[in-house]
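**Student:** Provided herewith is a single structure, encoded as structure tokens, for subsequent inquiry.
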Amino acid sequence: HKKHIRIPTLGEFLKVDFLPFIENHFRTSKPKTADYYAYGVALLKACDFINAKLDGITSQHGGEFIARQSRLSPSTQNCGLRTLRRALNLAYEWGKLERPVKIRLAKGERQRERVISEAEFLAYREICRQPWQDVSTLLYGTGMRPGEAYKLRWEHVLLNGHSGMIQIADGKSKAARRLLPMVPEVYYT
């Protein structure tokens, strides 16, 4: 026979389980991630289904959230929806839900992407002191994120005598863990 477990409401789960987990896992190592999820929880606390049992939440609730939060930008709506998605996935992982719930994001979120021009890079590098000149060359020449450069270790640098690769071994997603080729300017810096 199946063991009966008490299913918490979304509000109870966010307060008792999710927020402490986020604080414990991200507050010191990734404070912006902790802030992001805390803001997402604040958005969810204002929703109509905050008192619904976890096992009663469906993708339809995500759609209702988007409709009721239409005054917010898609990026802000998606903060709440990503928080809901993460919370429900953790609830499933921790045995508080029998099956995962798919939560779709709001459409129209603007992705920020800005690539500096070579002239902007050269002007910036010109005013930098060492070692920041070399760091800026590394970032510009590989597309590496500043946090990735900070965590870089020699064992992640692969040289072959005339060029090389840099292994990014740590990242939030599988796509973030990757091999970056060294352009000559990076290799000879």
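Following the order of the structure tokens, first chain is A, next is B, and so on, with residues numbered from 1 inside each chain and ligands from 1 in the order they appear.
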Pick out the residues sitting within 12 Å of Ile22 in chain A, and hand them over as a PDB file with N, CA and C atoms, in the first residue's frame; count only C-alpha atoms, and ignore anything fewer than 2 positions along from it in its own chain.
**Tutor:**
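Resulting contents of result17.pdb:
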ATOM      1  N   LEU A  14       6.907  26.966  -0.635  1.00  0.00           N
ATOM      2  CA  LEU A  14       7.853  28.050  -0.920  1.00  0.00           C
ATOM      3  C   LEU A  14       8.504  28.552   0.364  1.00  0.00           C
ATOM      4  N   LYS A  15       7.705  28.718   1.413  1.00  0.00           N
ATOM      5  CA  LYS A  15       8.217  29.262   2.674  1.00  0.00           C
ATOM      6  C   LYS A  15       9.078  28.257   3.445  1.00  0.00           C
ATOM      7  N   VAL A  16       8.595  27.034   3.559  1.00  0.00           N
ATOM      8  CA  VAL A  16       9.248  26.042   4.428  1.00  0.00           C
ATOM      9  C   VAL A  16      10.399  25.304   3.735  1.00  0.00           C
ATOM     10  N   ASP A  17      10.255  25.040   2.452  1.00  0.00           N
ATOM     11  CA  ASP A  17      11.251  24.223   1.755  1.00  0.00           C
ATOM     12  C   ASP A  17      12.077  24.998   0.719  1.00  0.00           C
ATOM     13  N   PHE A  18      11.383  25.689  -0.171  1.00  0.00           N
ATOM     14  CA  PHE A  18      12.070  26.289  -1.326  1.00  0.00           C
ATOM     15  C   PHE A  18      12.990  27.443  -0.937  1.00  0.00           C
ATOM     16  N   LEU A  19      12.454  28.453  -0.234  1.00  0.00           N
ATOM     17  CA  LEU A  19      13.299  29.604   0.122  1.00  0.00           C
ATOM     18  C   LEU A  19      14.502  29.216   0.987  1.00  0.00           C
ATOM     19  N   PRO A  20      14.344  28.352   2.007  1.00  0.00           N
ATOM     20  CA  PRO A  20      15.539  27.936   2.752  1.00  0.00           C
ATOM     21  C   PRO A  20      16.566  27.218   1.865  1.00  0.00           C
ATOM     22  N   ASN A  24      20.305  28.633   1.290  1.00  0.00           N
ATOM     23  CA  ASN A  24      21.413  27.751   1.658  1.00  0.00           C
ATOM     24  C   ASN A  24      22.337  27.478   0.480  1.00  0.00           C
ATOM     25  N   HIS A  25      21.773  27.300  -0.705  1.00  0.00           N
ATOM     26  CA  HIS A  25      22.580  26.924  -1.861  1.00  0.00           C
ATOM     27  C   HIS A  25      23.179  28.094  -2.627  1.00  0.00           C
ATOM     28  N   PHE A  26      22.519  29.253  -2.616  1.00  0.00           N
ATOM     29  CA  PHE A  26      22.963  30.329  -3.508  1.00  0.00           C
ATOM     30  C   PHE A  26      23.361  31.631  -2.827  1.00  0.00           C
ATOM     31  N   ARG A  27      22.956  31.883  -1.592  1.00  0.00           N
ATOM     32  CA  ARG A  27      23.167  33.202  -1.001  1.00  0.00           C
ATOM     33  C   ARG A  27      24.637  33.617  -0.993  1.00  0.00           C
ATOM     34  N   THR A  28      25.549  32.713  -0.653  1.00  0.00           N
ATOM     35  CA  THR A  28      26.959  33.106  -0.610  1.00  0.00           C
ATOM     36  C   THR A  28      27.652  32.923  -1.952  1.00  0.00           C
ATOM     37  N   SER A  29      27.359  31.841  -2.667  1.00  0.00           N
ATOM     38  CA  SER A  29      28.076  31.580  -3.924  1.00  0.00           C
ATOM     39  C   SER A  29      27.489  32.331  -5.118  1.00  0.00           C
ATOM     40  N   LYS A  30      26.168  32.487  -5.158  1.00  0.00           N
ATOM     41  CA  LYS A  30      25.514  33.163  -6.283  1.00  0.00           C
ATOM     42  C   LYS A  30      24.374  34.025  -5.750  1.00  0.00           C
ATOM     43  N   PRO A  31      24.717  35.153  -5.111  1.00  0.00           N
ATOM     44  CA  PRO A  31      23.685  35.974  -4.466  1.00  0.00           C
ATOM     45  C   PRO A  31      22.633  36.513  -5.444  1.00  0.00           C
ATOM     46  N   LYS A  32      23.011  36.771  -6.687  1.00  0.00           N
ATOM     47  CA  LYS A  32      22.026  37.270  -7.655  1.00  0.00           C
ATOM     48  C   LYS A  32      20.990  36.197  -7.988  1.00  0.00           C
ATOM     49  N   THR A  33      21.406  34.939  -8.000  1.00  0.00           N
ATOM     50  CA  THR A  33      20.455  33.840  -8.220  1.00  0.00           C
ATOM     51  C   THR A  33      19.490  33.763  -7.046  1.00  0.00           C
ATOM     52  N   ALA A  34      20.004  33.901  -5.826  1.00  0.00           N
ATOM     53  CA  ALA A  34      19.136  33.895  -4.638  1.00  0.00           C
ATOM     54  C   ALA A  34      18.143  35.050  -4.698  1.00  0.00           C
ATOM     55  N   ASP A  35      18.618  36.240  -5.090  1.00  0.00           N
ATOM     56  CA  ASP A  35      17.727  37.401  -5.208  1.00  0.00           C
ATOM     57  C   ASP A  35      16.663  37.174  -6.275  1.00  0.00           C
ATOM     58  N   TYR A  36      17.055  36.577  -7.393  1.00  0.00           N
ATOM     59  CA  TYR A  36      16.129  36.307  -8.495  1.00  0.00           C
ATOM     60  C   TYR A  36      14.985  35.409  -8.025  1.00  0.00           C
ATOM     61  N   TYR A  37      15.328  34.305  -7.363  1.00  0.00           N
ATOM     62  CA  TYR A  37      14.295  33.389  -6.882  1.00  0.00           C
ATOM     63  C   TYR A  37      13.458  34.019  -5.763  1.00  0.00           C
ATOM     64  N   ALA A  38      14.074  34.826  -4.908  1.00  0.00           N
ATOM     65  CA  ALA A  38      13.312  35.501  -3.850  1.00  0.00           C
ATOM     66  C   ALA A  38      12.286  36.447  -4.479  1.00  0.00           C
ATOM     67  N   TYR A  39      12.667  37.154  -5.526  1.00  0.00           N
ATOM     68  CA  TYR A  39      11.739  38.034  -6.229  1.00  0.00           C
ATOM     69  C   TYR A  39      10.639  37.209  -6.891  1.00  0.00           C
ATOM     70  N   GLY A  40      11.005  36.081  -7.479  1.00  0.00           N
ATOM     71  CA  GLY A  40      10.015  35.193  -8.087  1.00  0.00           C
ATOM     72  C   GLY A  40       9.009  34.695  -7.068  1.00  0.00           C
ATOM     73  N   VAL A  41       9.474  34.374  -5.863  1.00  0.00           N
ATOM     74  CA  VAL A  41       8.568  33.936  -4.790  1.00  0.00           C
ATOM     75  C   VAL A  41       7.615  35.076  -4.425  1.00  0.00           C
ATOM     76  N   THR A  83      10.568  30.507 -11.307  1.00  0.00           N
ATOM     77  CA  THR A  83      10.587  30.176  -9.878  1.00  0.00           C
ATOM     78  C   THR A  83       9.585  29.065  -9.589  1.00  0.00           C
ATOM     79  N   ARG A  86      10.986  25.786 -11.011  1.00  0.00           N
ATOM     80  CA  ARG A  86      12.069  25.250 -10.174  1.00  0.00           C
ATOM     81  C   ARG A  86      11.516  24.663  -8.880  1.00  0.00           C
ATOM     82  N   ALA A  87      10.562  25.371  -8.268  1.00  0.00           N
ATOM     83  CA  ALA A  87       9.968  24.892  -7.016  1.00  0.00           C
ATOM     84  C   ALA A  87       9.247  23.561  -7.237  1.00  0.00           C
ATOM     85  N   LEU A  90      11.730  20.745  -7.748  1.00  0.00           N
ATOM     86  CA  LEU A  90      12.314  20.324  -6.471  1.00  0.00           C
ATOM     87  C   LEU A  90      11.313  19.519  -5.653  1.00  0.00           C
TER      88      LEU A  90
END
**Student:** Fewer than 3 positions away in the same chain doesn't count, so skip those; otherwise give me all residues within 12 Å of Leu10 in chain A, counting only C-alpha atoms, as number ranges by chain.
**Tutor:** A: 7, 13-19, 41, 44-58, 61, 83-85, 87-88, 91, 96-97
**Student:** Next, write the just-selected residues to a file, as a JSON list (two decimals), in the first residue's frame, keeping N, CA and C atoms as the atom set.
**Tutor:**
[["chain", "number", "residue", "atom", "x", "y", "z"],
["A", 7, "ILE", "N", 0.33, 16.72, 1.40],
["A", 7, "ILE", "CA", 0.78, 17.59, 0.31],
["A", 7, "ILE", "C", 0.64, 19.04, 0.77],
["A", 13, "PHE", "N", 5.08, 25.34, 0.74],
["A", 13, "PHE", "CA", 6.30, 24.76, 0.19],
["A", 13, "PHE", "C", 7.34, 25.84, -0.08],
["A", 14, "LEU", "N", 6.91, 26.97, -0.63],
["A", 14, "LEU", "CA", 7.85, 28.05, -0.92],
["A", 14, "LEU", "C", 8.50, 28.55, 0.36],
["A", 15, "LYS", "N", 7.71, 28.72, 1.41],
["A", 15, "LYS", "CA", 8.22, 29.26, 2.67],
["A", 15, "LYS", "C", 9.08, 28.26, 3.45],
["A", 16, "VAL", "N", 8.60, 27.03, 3.56],
["A", 16, "VAL", "CA", 9.25, 26.04, 4.43],
["A", 16, "VAL", "C", 10.40, 25.30, 3.74],
["A", 17, "ASP", "N", 10.25, 25.04, 2.45],
["A", 17, "ASP", "CA", 11.25, 24.22, 1.76],
["A", 17, "ASP", "C", 12.08, 25.00, 0.72],
["A", 18, "PHE", "N", 11.38, 25.69, -0.17],
["A", 18, "PHE", "CA", 12.07, 26.29, -1.33],
["A", 18, "PHE", "C", 12.99, 27.44, -0.94],
["A", 19, "LEU", "N", 12.45, 28.45, -0.23],
["A", 19, "LEU", "CA", 13.30, 29.60, 0.12],
["A", 19, "LEU", "C", 14.50, 29.22, 0.99],
["A", 41, "VAL", "N", 9.47, 34.37, -5.86],
["A", 41, "VAL", "CA", 8.57, 33.94, -4.79],
["A", 41, "VAL", "C", 7.62, 35.08, -4.42],
["A", 44, "LEU", "N", 4.92, 35.15, -6.91],
["A", 44, "LEU", "CA", 4.00, 34.02, -6.75],
["A", 44, "LEU", "C", 3.09, 34.19, -5.54],
["A", 45, "LYS", "N", 3.57, 34.85, -4.49],
["A", 45, "LYS", "CA", 2.75, 35.05, -3.29],
["A", 45, "LYS", "C", 1.50, 35.87, -3.61],
["A", 46, "ALA", "N", 1.57, 36.68, -4.65],
["A", 46, "ALA", "CA", 0.43, 37.53, -5.02],
["A", 46, "ALA", "C", -0.54, 36.81, -5.97],
["A", 47, "CYS", "N", -0.23, 35.58, -6.37],
["A", 47, "CYS", "CA", -1.08, 34.90, -7.35],
["A", 47, "CYS", "C", -2.24, 34.19, -6.67],
["A", 48, "ASP", "N", -3.29, 33.92, -7.46],
["A", 48, "ASP", "CA", -4.51, 33.31, -6.94],
["A", 48, "ASP", "C", -4.31, 31.88, -6.44],
["A", 49, "PHE", "N", -3.32, 31.18, -6.96],
["A", 49, "PHE", "CA", -3.16, 29.76, -6.61],
["A", 49, "PHE", "C", -2.09, 29.52, -5.55],
["A", 50, "ILE", "N", -1.71, 30.54, -4.80],
["A", 50, "ILE", "CA", -0.69, 30.38, -3.76],
["A", 50, "ILE", "C", -1.15, 29.39, -2.68],
["A", 51, "ASN", "N", -2.47, 29.27, -2.47],
["A", 51, "ASN", "CA", -2.99, 28.36, -1.45],
["A", 51, "ASN", "C", -3.44, 27.02, -2.02],
["A", 52, "ALA", "N", -3.14, 26.79, -3.30],
["A", 52, "ALA", "CA", -3.48, 25.50, -3.92],
["A", 52, "ALA", "C", -2.48, 24.45, -3.47],
["A", 53, "LYS", "N", -2.94, 23.21, -3.33],
["A", 53, "LYS", "CA", -2.04, 22.10, -3.01],
["A", 53, "LYS", "C", -1.08, 21.90, -4.18],
["A", 54, "LEU", "N", 0.14, 21.54, -3.87],
["A", 54, "LEU", "CA", 1.15, 21.34, -4.92],
["A", 54, "LEU", "C", 0.67, 20.39, -6.01],
["A", 55, "ASP", "N", 0.02, 19.30, -5.61],
["A", 55, "ASP", "CA", -0.39, 18.31, -6.60],
["A", 55, "ASP", "C", -1.59, 18.77, -7.44],
["A", 56, "GLY", "N", -2.13, 19.94, -7.12],
["A", 56, "GLY", "CA", -3.24, 20.49, -7.90],
["A", 56, "GLY", "C", -2.80, 21.54, -8.90],
["A", 57, "ILE", "N", -1.52, 21.88, -8.88],
["A", 57, "ILE", "CA", -1.02, 22.91, -9.78],
["A", 57, "ILE", "C", -0.70, 22.29, -11.13],
["A", 58, "THR", "N", -1.19, 22.93, -12.18],
["A", 58, "THR", "CA", -1.00, 22.44, -13.55],
["A", 58, "THR", "C", -0.42, 23.54, -14.43],
["A", 61, "HIS", "N", -2.27, 26.84, -14.54],
["A", 61, "HIS", "CA", -1.98, 27.88, -13.55],
["A", 61, "HIS", "C", -0.91, 28.84, -14.07],
["A", 83, "THR", "N", 10.57, 30.51, -11.31],
["A", 83, "THR", "CA", 10.59, 30.18, -9.88],
["A", 83, "THR", "C", 9.58, 29.07, -9.59],
["A", 84, "LEU", "N", 8.39, 29.18, -10.16],
["A", 84, "LEU", "CA", 7.37, 28.14, -9.99],
["A", 84, "LEU", "C", 7.88, 26.81, -10.55],
["A", 85, "ARG", "N", 8.46, 26.85, -11.74],
["A", 85, "ARG", "CA", 8.98, 25.64, -12.39],
["A", 85, "ARG", "C", 10.05, 24.98, -11.51],
["A", 87, "ALA", "N", 10.56, 25.37, -8.27],
["A", 87, "ALA", "CA", 9.97, 24.89, -7.02],
["A", 87, "ALA", "C", 9.25, 23.56, -7.24],
["A", 88, "LEU", "N", 8.48, 23.46, -8.31],
["A", 88, "LEU", "CA", 7.74, 22.22, -8.58],
["A", 88, "LEU", "C", 8.69, 21.07, -8.92],
["A", 91, "ALA", "N", 10.04, 19.94, -5.67],
["A", 91, "ALA", "CA", 9.01, 19.19, -4.94],
["A", 91, "ALA", "C", 8.92, 17.76, -5.48],
["A", 96, "LYS", "N", 7.55, 15.13, -2.90],
["A", 96, "LYS", "CA", 6.32, 15.80, -2.48],
["A", 96, "LYS", "C", 5.30, 15.88, -3.61],
["A", 97, "LEU", "N", 5.73, 15.52, -4.81],
["A", 97, "LEU", "CA", 4.85, 15.43, -5.98],
["A", 97, "LEU", "C", 5.10, 14.10, -6.67]]
**Student:** Find the residues around Arg178 in chain A up to 8 Å (only C-alpha atoms counted), leave out those fewer than 5 positions away in its own chain, and share them as an mmCIF file with C-alpha atoms, in the first residue's frame.
**Tutor:**
data_model
loop_
_atom_site.group_PDB
_atom_site.id
_atom_site.type_symbol
_atom_site.label_atom_id
_atom_site.label_comp_id
_atom_site.auth_asym_id
_atom_site.auth_seq_id
_atom_site.Cartn_x
_atom_site.Cartn_y
_atom_site.Cartn_z
ATOM 1 C CA GLN A 167 37.952 24.271 -20.980
ATOM 2 C CA ILE A 168 35.091 25.857 -19.071
ATOM 3 C CA ALA A 169 34.394 23.064 -16.605
#
**Student:** Just checking: using only C-alpha atoms, which residue out of A:Arg99, A:Ala106, A:Glu64, A:Phe121 ends up closest to Asn78 in chain A?
**Tutor:**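 With only C-alpha atoms as the atom set, the closest residue is A:Ala106.
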**Student:** Where in range 17-173 of chain A does DSSP assign alpha helix (DSSP H), given as JSON, numbers by chain?
**Tutor:** {"A": [19, 20, 21, 22, 23, 24, 25, 26, 31, 32, 33, 34, 35, 36, 37, 38, 39, 40, 41, 42, 43, 44, 45, 59, 60, 61, 62, 63, 64, 65, 66, 67, 68, 74, 75, 76, 77, 78, 79, 80, 81, 82, 83, 84, 85, 86, 87, 88, 89, 90, 91, 92, 93, 118, 119, 120, 121, 122, 123, 124, 125, 126, 127, 132, 133, 134, 135, 136, 137, 138, 139, 140, 141, 142, 146, 147, 148, 149, 150, 151]}
**Student:** If we count only C-alpha atoms, what is near Val157 in chain A at a cut-off of 6 Å, once residues fewer than 2 positions away on the same chain are taken out, given as a PyMOL selection string?
**Tutor:** chain A and resi 154-155+166
**Student:** Keeping all heavy atoms, export the residues of the selection given above as an mmCIF file, in the first residue's frame.
**Tutor:**
data_model
loop_
_atom_site.group_PDB
_atom_site.id
_atom_site.type_symbol
_atom_site.label_atom_id
_atom_site.label_comp_id
_atom_site.auth_asym_id
_atom_site.auth_seq_id
_atom_site.Cartn_x
_atom_site.Cartn_y
_atom_site.Cartn_z
ATOM 1 N N TRP A 154 44.923 26.510 -14.350
ATOM 2 C CA TRP A 154 45.853 26.054 -15.380
ATOM 3 C C TRP A 154 45.488 24.693 -15.944
ATOM 4 O O TRP A 154 45.697 24.421 -17.115
ATOM 5 C CB TRP A 154 47.292 26.049 -14.852
ATOM 6 C CG TRP A 154 47.920 27.411 -14.967
ATOM 7 C CD1 TRP A 154 48.259 28.247 -13.948
ATOM 8 C CD2 TRP A 154 48.242 28.104 -16.175
ATOM 9 N NE1 TRP A 154 48.773 29.415 -14.442
ATOM 10 C CE2 TRP A 154 48.783 29.352 -15.809
ATOM 11 C CE3 TRP A 154 48.138 27.803 -17.526
ATOM 12 C CZ2 TRP A 154 49.205 30.292 -16.745
ATOM 13 C CZ3 TRP A 154 48.552 28.731 -18.457
ATOM 14 C CH2 TRP A 154 49.085 29.960 -18.061
ATOM 15 N N GLU A 155 44.910 23.830 -15.111
ATOM 16 C CA GLU A 155 44.555 22.497 -15.621
ATOM 17 C C GLU A 155 43.440 22.551 -16.668
ATOM 18 O O GLU A 155 43.173 21.573 -17.353
ATOM 19 C CB GLU A 155 44.189 21.535 -14.489
ATOM 20 C CG GLU A 155 43.067 21.990 -13.604
ATOM 21 C CD GLU A 155 43.523 22.715 -12.328
ATOM 22 O OE1 GLU A 155 44.658 23.228 -12.288
ATOM 23 O OE2 GLU A 155 42.739 22.760 -11.376
ATOM 24 N N ILE A 166 40.636 26.357 -24.145
ATOM 25 C CA ILE A 166 40.344 26.607 -22.735
ATOM 26 C C ILE A 166 39.066 25.864 -22.413
ATOM 27 O O ILE A 166 38.047 26.046 -23.084
ATOM 28 C CB ILE A 166 40.190 28.111 -22.447
ATOM 29 C CG1 ILE A 166 41.489 28.849 -22.769
ATOM 30 C CG2 ILE A 166 39.777 28.335 -20.989
ATOM 31 C CD1 ILE A 166 41.393 30.354 -22.682
#
**Student:** Can you measure CA of Arg177 in chain A to CA of His156 in chain A for me? One decimal in Å is fine.
**Tutor:** 11.5 Å
**Student:** Near Tyr124 in chain A, within 12 Å and counting only C-alpha atoms, which residues show up once chain neighbours fewer than 4 positions away are dropped, as a PDB file with N, CA and C atoms, in the first residue's frame?
**Tutor:**
ATOM      1  N   ILE A 116      30.575  44.076 -28.192  1.00  0.00           N
ATOM      2  CA  ILE A 116      31.298  45.327 -28.407  1.00  0.00           C
ATOM      3  C   ILE A 116      32.098  45.241 -29.702  1.00  0.00           C
ATOM      4  N   SER A 117      32.296  46.385 -30.278  1.00  0.00           N
ATOM      5  CA  SER A 117      33.060  46.439 -31.527  1.00  0.00           C
ATOM      6  C   SER A 117      34.550  46.323 -31.217  1.00  0.00           C
ATOM      7  N   GLU A 118      35.323  46.028 -32.245  1.00  0.00           N
ATOM      8  CA  GLU A 118      36.776  45.942 -32.054  1.00  0.00           C
ATOM      9  C   GLU A 118      37.335  47.289 -31.599  1.00  0.00           C
ATOM     10  N   ALA A 119      36.809  48.384 -32.148  1.00  0.00           N
ATOM     11  CA  ALA A 119      37.270  49.721 -31.760  1.00  0.00           C
ATOM     12  C   ALA A 119      36.985  49.981 -30.280  1.00  0.00           C
ATOM     13  N   GLU A 120      35.799  49.592 -29.803  1.00  0.00           N
ATOM     14  CA  GLU A 120      35.467  49.765 -28.386  1.00  0.00           C
ATOM     15  C   GLU A 120      36.404  48.934 -27.513  1.00  0.00           C
ATOM     16  N   CYS A 128      43.391  50.184 -19.736  1.00  0.00           N
ATOM     17  CA  CYS A 128      43.546  49.216 -18.641  1.00  0.00           C
ATOM     18  C   CYS A 128      45.005  49.065 -18.234  1.00  0.00           C
ATOM     19  N   ARG A 129      45.214  48.823 -16.943  1.00  0.00           N
ATOM     20  CA  ARG A 129      46.542  48.448 -16.448  1.00  0.00           C
ATOM     21  C   ARG A 129      46.625  46.931 -16.435  1.00  0.00           C
ATOM     22  N   TRP A 132      44.735  43.611 -16.047  1.00  0.00           N
ATOM     23  CA  TRP A 132      43.417  43.771 -16.663  1.00  0.00           C
ATOM     24  C   TRP A 132      43.482  43.842 -18.182  1.00  0.00           C
ATOM     25  N   GLN A 133      44.614  44.323 -18.736  1.00  0.00           N
ATOM     26  CA  GLN A 133      44.752  44.284 -20.204  1.00  0.00           C
ATOM     27  C   GLN A 133      44.675  42.841 -20.703  1.00  0.00           C
ATOM     28  N   ASP A 134      45.408  41.960 -20.033  1.00  0.00           N
ATOM     29  CA  ASP A 134      45.395  40.547 -20.442  1.00  0.00           C
ATOM     30  C   ASP A 134      44.023  39.906 -20.206  1.00  0.00           C
ATOM     31  N   VAL A 135      43.394  40.256 -19.093  1.00  0.00           N
ATOM     32  CA  VAL A 135      42.069  39.704 -18.805  1.00  0.00           C
ATOM     33  C   VAL A 135      41.074  40.167 -19.857  1.00  0.00           C
ATOM     34  N   SER A 136      41.107  41.443 -20.217  1.00  0.00           N
ATOM     35  CA  SER A 136      40.174  41.946 -21.237  1.00  0.00           C
ATOM     36  C   SER A 136      40.434  41.276 -22.580  1.00  0.00           C
ATOM     37  N   THR A 137      41.699  41.011 -22.907  1.00  0.00           N
ATOM     38  CA  THR A 137      42.024  40.293 -24.147  1.00  0.00           C
ATOM     39  C   THR A 137      41.452  38.881 -24.102  1.00  0.00           C
ATOM     40  N   TYR A 140      37.546  39.124 -24.463  1.00  0.00           N
ATOM     41  CA  TYR A 140      37.149  39.519 -25.814  1.00  0.00           C
ATOM     42  C   TYR A 140      37.498  38.430 -26.835  1.00  0.00           C
TER      43      TYR A 140
END
**Student:** Which neighbours of Asn160 in chain A fall inside 12 Å, counting only C-alpha atoms, when residues of the same chain fewer than 3 positions from it are skipped, and could you give them as a PDB file with N, CA and C atoms, in the first residue's frame?
**Tutor:**
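Below you can see result_35.pdb, which holds the result:
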ATOM      1  N   VAL A 157      43.578  24.827 -19.135  1.00  0.00           N
ATOM      2  CA  VAL A 157      44.201  25.444 -20.313  1.00  0.00           C
ATOM      3  C   VAL A 157      44.987  24.360 -21.044  1.00  0.00           C
ATOM      4  N   SER A 163      48.845  26.846 -30.604  1.00  0.00           N
ATOM      5  CA  SER A 163      47.499  27.334 -30.271  1.00  0.00           C
ATOM      6  C   SER A 163      47.019  26.556 -29.056  1.00  0.00           C
ATOM      7  N   GLY A 164      45.749  26.662 -28.761  1.00  0.00           N
ATOM      8  CA  GLY A 164      45.250  25.926 -27.602  1.00  0.00           C
ATOM      9  C   GLY A 164      43.754  26.066 -27.433  1.00  0.00           C
ATOM     10  N   MET A 165      43.274  25.449 -26.362  1.00  0.00           N
ATOM     11  CA  MET A 165      41.862  25.471 -26.014  1.00  0.00           C
ATOM     12  C   MET A 165      41.756  25.773 -24.520  1.00  0.00           C
ATOM     13  N   ILE A 166      40.636  26.357 -24.145  1.00  0.00           N
ATOM     14  CA  ILE A 166      40.344  26.607 -22.735  1.00  0.00           C
ATOM     15  C   ILE A 166      39.066  25.864 -22.413  1.00  0.00           C
ATOM     16  N   PRO A 181      38.242  27.849 -28.253  1.00  0.00           N
ATOM     17  CA  PRO A 181      39.519  27.930 -28.951  1.00  0.00           C
ATOM     18  C   PRO A 181      40.241  29.233 -28.604  1.00  0.00           C
ATOM     19  N   MET A 182      41.560  29.162 -28.561  1.00  0.00           N
ATOM     20  CA  MET A 182      42.355  30.366 -28.323  1.00  0.00           C
ATOM     21  C   MET A 182      42.704  30.999 -29.661  1.00  0.00           C
ATOM     22  N   TYR A 187      46.399  33.414 -27.250  1.00  0.00           N
ATOM     23  CA  TYR A 187      47.493  32.444 -27.063  1.00  0.00           C
ATOM     24  C   TYR A 187      48.810  33.133 -26.760  1.00  0.00           C
TER      25      TYR A 187
END
**Student:** Can you check which residues of range 147-181 of chain A DSSP gives as strand (DSSP E) on the backbone and send them as a VMD selection string?
**Tutor:** chain A and resid 157 to 159 164 to 168 178 to 181
**Student:** Store the residues picked out above in a file with N, CA and C atoms, as a PDB file, in the first residue's frame.
**Tutor:**
ATOM      1  N   VAL A 157      43.578  24.827 -19.135  1.00  0.00           N
ATOM      2  CA  VAL A 157      44.201  25.444 -20.313  1.00  0.00           C
ATOM      3  C   VAL A 157      44.987  24.360 -21.044  1.00  0.00           C
ATOM      4  N   LEU A 158      44.613  24.119 -22.286  1.00  0.00           N
ATOM      5  CA  LEU A 158      45.232  23.057 -23.084  1.00  0.00           C
ATOM      6  C   LEU A 158      46.050  23.693 -24.207  1.00  0.00           C
ATOM      7  N   LEU A 159      47.373  23.526 -24.151  1.00  0.00           N
ATOM      8  CA  LEU A 159      48.267  24.129 -25.145  1.00  0.00           C
ATOM      9  C   LEU A 159      48.895  23.042 -26.005  1.00  0.00           C
ATOM     10  N   GLY A 164      45.749  26.662 -28.761  1.00  0.00           N
ATOM     11  CA  GLY A 164      45.250  25.926 -27.602  1.00  0.00           C
ATOM     12  C   GLY A 164      43.754  26.066 -27.433  1.00  0.00           C
ATOM     13  N   MET A 165      43.274  25.449 -26.362  1.00  0.00           N
ATOM     14  CA  MET A 165      41.862  25.471 -26.014  1.00  0.00           C
ATOM     15  C   MET A 165      41.756  25.773 -24.520  1.00  0.00           C
ATOM     16  N   ILE A 166      40.636  26.357 -24.145  1.00  0.00           N
ATOM     17  CA  ILE A 166      40.344  26.607 -22.735  1.00  0.00           C
ATOM     18  C   ILE A 166      39.066  25.864 -22.413  1.00  0.00           C
ATOM     19  N   GLN A 167      39.123  25.034 -21.391  1.00  0.00           N
ATOM     20  CA  GLN A 167      37.952  24.271 -20.980  1.00  0.00           C
ATOM     21  C   GLN A 167      37.227  25.020 -19.872  1.00  0.00           C
ATOM     22  N   ILE A 168      35.947  25.295 -20.111  1.00  0.00           N
ATOM     23  CA  ILE A 168      35.091  25.857 -19.071  1.00  0.00           C
ATOM     24  C   ILE A 168      34.396  24.657 -18.439  1.00  0.00           C
ATOM     25  N   ARG A 178      32.060  24.094 -21.776  1.00  0.00           N
ATOM     26  CA  ARG A 178      32.437  24.013 -23.180  1.00  0.00           C
ATOM     27  C   ARG A 178      33.932  24.206 -23.352  1.00  0.00           C
ATOM     28  N   LEU A 179      34.410  23.923 -24.573  1.00  0.00           N
ATOM     29  CA  LEU A 179      35.804  24.174 -24.958  1.00  0.00           C
ATOM     30  C   LEU A 179      35.849  25.417 -25.824  1.00  0.00           C
ATOM     31  N   LEU A 180      36.731  26.348 -25.485  1.00  0.00           N
ATOM     32  CA  LEU A 180      36.868  27.577 -26.246  1.00  0.00           C
ATOM     33  C   LEU A 180      38.225  27.585 -26.955  1.00  0.00           C
ATOM     34  N   PRO A 181      38.242  27.849 -28.253  1.00  0.00           N
ATOM     35  CA  PRO A 181      39.519  27.930 -28.951  1.00  0.00           C
ATOM     36  C   PRO A 181      40.241  29.233 -28.604  1.00  0.00           C
TER      37      PRO A 181
END
**Student:** Would you work out the distance separating CA of Arg110 in chain A from CA of Ser75 in chain A, expressed in Å to one decimal?
**Tutor:**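 A separation of 7.1 Å between them.
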**Student:** Please compute the CA of Pro184 in chain A-CA of Arg114 in chain A distance, one decimal, in Å.
**Tutor:**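 Interatomic distance, CA of Pro184 in chain A to CA of Arg114 in chain A: 23.3 Å.
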